[in-house]
Amino acid sequence: MNTPRIAFTAAMTAMLGGAFTVASARDQSASADVVRGSVAHHAYQNGGVSQSQVSDLRHHVKPYDLHLAFSEGKHNAYVADVKLRITDARGKQVFGLKDAGPLTDVNLPAGRYRVMAEFGGIRRGGSVDVKPGEPASLYLHWPRDAV
């Protein structure tokens, strides 16, 4: 998957805007290449390389507690194929994908998590607190184009 060049504004809109409906992890109406499934019993959705995928992700965002967006460079271009690892407060891995992004939403129980992502050989990370009824968002940016 190549790294798409879509404005960061669309990412924030996808994560934070509009009214949403609950989605099934087996939703067959997903745009091409939007992936929904589960890893270690945590439901997720992943995609966003086109406007139709961003719209699809936005439409199904409600059941997810953690919203992640990945970009690079001065134009905040979306990136995909990010190696993603999420660990709990004790350092135990609770979720991982080897091809995350540009937008990834995960359903996690309340708690503190460390998100680590690698793109183009460069690692980025951050901590998030997932609270009941309060989805957490984390935007990870690589300052230069990796290509």
# chains A, B, ... in the order shown; residues from 1 in each chain; ligands from 1

call {"tool": "select_by_dssp", "arguments": {"residues": "segment 33-112 of chain A", "states": "strand (DSSP E or B)", "output": "compact mmCIF listing (two decimals) with C-alpha atoms, in the first residue's frame"}}
result
# COMPACT_ATOMS: atom_id res chain seq x y z
CA VAL A 35 -10.79 -3.49 7.46
CA ARG A 36 -12.90 -4.36 10.48
CA GLY A 37 -12.01 -7.20 12.79
CA SER A 38 -10.54 -7.96 16.18
CA VAL A 39 -7.09 -8.52 17.62
CA HIS A 42 -10.39 -5.91 20.77
CA ALA A 43 -12.55 -4.80 17.84
CA TYR A 44 -10.97 -2.35 15.42
CA GLN A 45 -11.44 -0.64 12.08
CA ASN A 46 -8.61 0.52 9.86
CA GLY A 47 -8.33 2.41 6.57
CA LEU A 66 -9.46 5.03 20.81
CA HIS A 67 -9.04 6.97 17.56
CA LEU A 68 -5.60 7.13 15.92
CA ALA A 69 -4.41 9.12 12.90
CA PHE A 70 -0.99 8.93 11.23
CA SER A 71 0.61 11.54 8.96
CA GLU A 72 3.95 12.83 7.74
CA ALA A 77 -0.10 13.65 4.34
CA TYR A 78 -1.75 10.50 5.62
CA VAL A 82 2.38 1.77 10.14
CA LYS A 83 3.55 -0.85 12.62
CA LEU A 84 1.28 -0.29 15.62
CA ARG A 85 1.62 -1.64 19.15
CA ILE A 86 -0.57 -0.75 22.14
CA THR A 87 0.41 -1.78 25.66
CA GLN A 93 0.78 -5.74 24.63
CA VAL A 94 -3.00 -5.65 24.22
CA PHE A 95 -3.27 -4.76 20.52
CA GLY A 96 -1.06 -4.67 17.45
CA LEU A 97 -1.19 -4.30 13.67
CA LYS A 98 1.65 -4.46 11.20
CA ASP A 99 -0.19 -2.36 8.58
CA ALA A 100 -2.18 0.29 10.48
CA LEU A 103 -6.91 6.00 10.48
CA THR A 104 -7.25 3.26 13.08
CA ASP A 105 -10.01 2.99 15.69
CA VAL A 106 -9.81 0.44 18.52
CA GLY A 111 -7.42 2.37 31.31
CA ARG A 112 -4.09 4.01 30.51

call {"tool": "atom_distance", "arguments": {"atom1": "atom CA of Met116 of chain A", "atom2": "atom CA of Ser137 of chain A"}}
result
13.7 Å

call {"tool": "closest_residue", "arguments": {"among": "A:Lys131, A:Lys62, A:Val49, A:Asn107", "to": "Asp81 of chain A", "atoms": "only C-alpha atoms"}}
result
A:Val49

call {"tool": "residues_around", "arguments": {"residues": "segment 122-130 of chain A", "least_positions_apart": "6", "cutoff": "9 Å", "atoms": "only C-alpha atoms", "output": "PyMOL selection string"}}
result
chain A and resi 65-66+108-116+136-142+146

call {"tool": "atom_distance", "arguments": {"atom1": "atom CA of Arg58 of chain A", "atom2": "atom CA of Val79 of chain A"}}
result
17.6 Å

call {"tool": "closest_residue", "arguments": {"among": "A:Gly121, A:Lys74, A:Pro132, A:Gly91", "to": "Arg144 of chain A", "atoms": "only C-alpha atoms"}}
result
A:Lys74

call {"tool": "atom_distance", "arguments": {"atom1": "atom CA of Gln53 of chain A", "atom2": "atom CA of Asp88 of chain A"}}
result
29.0 Å
